[in-house]
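Shown next, in structure tokens, is the structure this report addresses.
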Amino acid sequence: MSVAFVPDWMRGKAEVNQETIQQLLEENDQLIRCIMEYQNKGRANQCVQYQHVLHRNLIYLATIADASPSSTSNAME
């Protein structure tokens with residue numbers, strides 16, 4: 001199960017740290033490998049659940065990135 005999946009009662013209470021982000025990135029790597037393996041075997045319809053988890057993880061990471069202060073925009077000003 002994805003580390004991005006959090007029950008409703010815990011939403012907004014999880015602390016986002018470098019370890020959590022690293023776990024998500026590693027999980028995404030495994031999901032992509034699994035999706036590719038299924039597709040290479042001609043079983044693309046069986047990888048849909050992994051694509052959904054990957055999508056959820058990517059949206060979660062993008063949300064974190066959007067919410068965090070950007071060091072690159074500060075450096076450019």
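Scheme for the structure tokens: letters A, B, ... for chains in order shown; per-chain residue numbers from 1; ligand numbers from 1 in order shown.
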
- Item | Nearby residues (only C-alpha atoms) at most 12 Å from range 29-42 of chain A, same-chain spacing under 3 positions excluded, as a list in words | Met1, Ser2, Gln22, Gln23, Leu24, Leu25, Glu26, Asn45, Gln46, Cys47, Val48, Gln49, Tyr50, Gln51, His52, Val53, Leu54, His55, Arg56, Asn57 and Leu58 of chain A

Dump of N, CA, C and O atoms for the selected residues, as a short mmCIF file (atom, residue, chain, number, x, y, z; two decimals), in the first residue's frame:
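The result, stored in again.cif:
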```
data_model
loop_
_atom_site.label_atom_id
_atom_site.label_comp_id
_atom_site.auth_asym_id
_atom_site.auth_seq_id
_atom_site.Cartn_x
_atom_site.Cartn_y
_atom_site.Cartn_z
N MET A 1 0.84 -1.18 0.00
CA MET A 1 0.00 0.00 0.00
C MET A 1 0.88 1.23 0.00
O MET A 1 1.92 1.27 0.60
N SER A 2 0.43 2.24 -0.64
CA SER A 2 1.21 3.47 -0.79
C SER A 2 1.34 4.22 0.52
O SER A 2 0.41 4.28 1.31
N GLN A 22 11.53 10.48 0.33
CA GLN A 22 12.41 9.45 -0.22
C GLN A 22 11.67 8.12 -0.37
O GLN A 22 11.83 7.42 -1.37
N GLN A 23 10.85 7.78 0.61
CA GLN A 23 10.06 6.54 0.53
C GLN A 23 9.11 6.58 -0.67
O GLN A 23 8.94 5.58 -1.37
N LEU A 24 8.49 7.73 -0.88
CA LEU A 24 7.58 7.87 -2.02
C LEU A 24 8.34 7.73 -3.33
O LEU A 24 7.86 7.08 -4.26
N LEU A 25 9.51 8.35 -3.42
CA LEU A 25 10.30 8.25 -4.64
C LEU A 25 10.72 6.81 -4.92
O LEU A 25 10.67 6.35 -6.06
N GLU A 26 11.12 6.10 -3.88
CA GLU A 26 11.50 4.69 -4.04
C GLU A 26 10.30 3.84 -4.43
O GLU A 26 10.40 2.94 -5.27
N ASN A 45 -3.60 -4.21 -19.05
CA ASN A 45 -4.83 -4.01 -18.28
C ASN A 45 -4.65 -4.39 -16.81
O ASN A 45 -5.39 -3.93 -15.95
N GLN A 46 -3.65 -5.21 -16.50
CA GLN A 46 -3.41 -5.60 -15.12
C GLN A 46 -2.55 -4.60 -14.35
O GLN A 46 -2.38 -4.75 -13.14
N CYS A 47 -2.01 -3.60 -15.02
CA CYS A 47 -1.17 -2.63 -14.32
C CYS A 47 -1.92 -1.35 -13.97
O CYS A 47 -1.34 -0.44 -13.40
N VAL A 48 -3.21 -1.31 -14.24
CA VAL A 48 -4.00 -0.10 -13.98
C VAL A 48 -3.97 0.28 -12.50
O VAL A 48 -3.82 1.46 -12.17
N GLN A 49 -4.06 -0.69 -11.61
CA GLN A 49 -4.05 -0.36 -10.18
C GLN A 49 -2.73 0.29 -9.77
O GLN A 49 -2.71 1.21 -8.95
N TYR A 50 -1.63 -0.16 -10.37
CA TYR A 50 -0.33 0.44 -10.06
C TYR A 50 -0.23 1.84 -10.63
O TYR A 50 0.38 2.73 -10.03
N GLN A 51 -0.83 2.05 -11.79
CA GLN A 51 -0.85 3.39 -12.38
C GLN A 51 -1.64 4.37 -11.50
O GLN A 51 -1.24 5.53 -11.36
N HIS A 52 -2.71 3.89 -10.90
CA HIS A 52 -3.50 4.75 -10.01
C HIS A 52 -2.69 5.14 -8.77
O HIS A 52 -2.72 6.30 -8.34
N VAL A 53 -1.98 4.19 -8.20
CA VAL A 53 -1.16 4.48 -7.01
C VAL A 53 -0.04 5.44 -7.39
O VAL A 53 0.25 6.40 -6.66
N LEU A 54 0.60 5.21 -8.54
CA LEU A 54 1.67 6.10 -9.00
C LEU A 54 1.12 7.51 -9.21
O LEU A 54 1.75 8.49 -8.79
N HIS A 55 -0.04 7.60 -9.83
CA HIS A 55 -0.65 8.92 -10.05
C HIS A 55 -0.92 9.62 -8.73
O HIS A 55 -0.60 10.81 -8.57
N ARG A 56 -1.47 8.90 -7.76
CA ARG A 56 -1.75 9.48 -6.45
C ARG A 56 -0.47 9.97 -5.78
O ARG A 56 -0.42 11.07 -5.22
N ASN A 57 0.59 9.16 -5.86
CA ASN A 57 1.88 9.55 -5.28
C ASN A 57 2.43 10.81 -5.95
O ASN A 57 2.95 11.70 -5.28
N LEU A 58 2.34 10.87 -7.27
CA LEU A 58 2.86 12.03 -8.00
C LEU A 58 2.08 13.30 -7.66
O LEU A 58 2.67 14.37 -7.49
#
```

- Task: Could you check how far CA of Val16 in chain A sits from CA of Ile64 in chain A, in Å to one decimal?
- Result: 8.1 Å

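When CA of Arg43 in chain A is paired with CA of Glu27 in chain A, their separation reads 20.8 Å.
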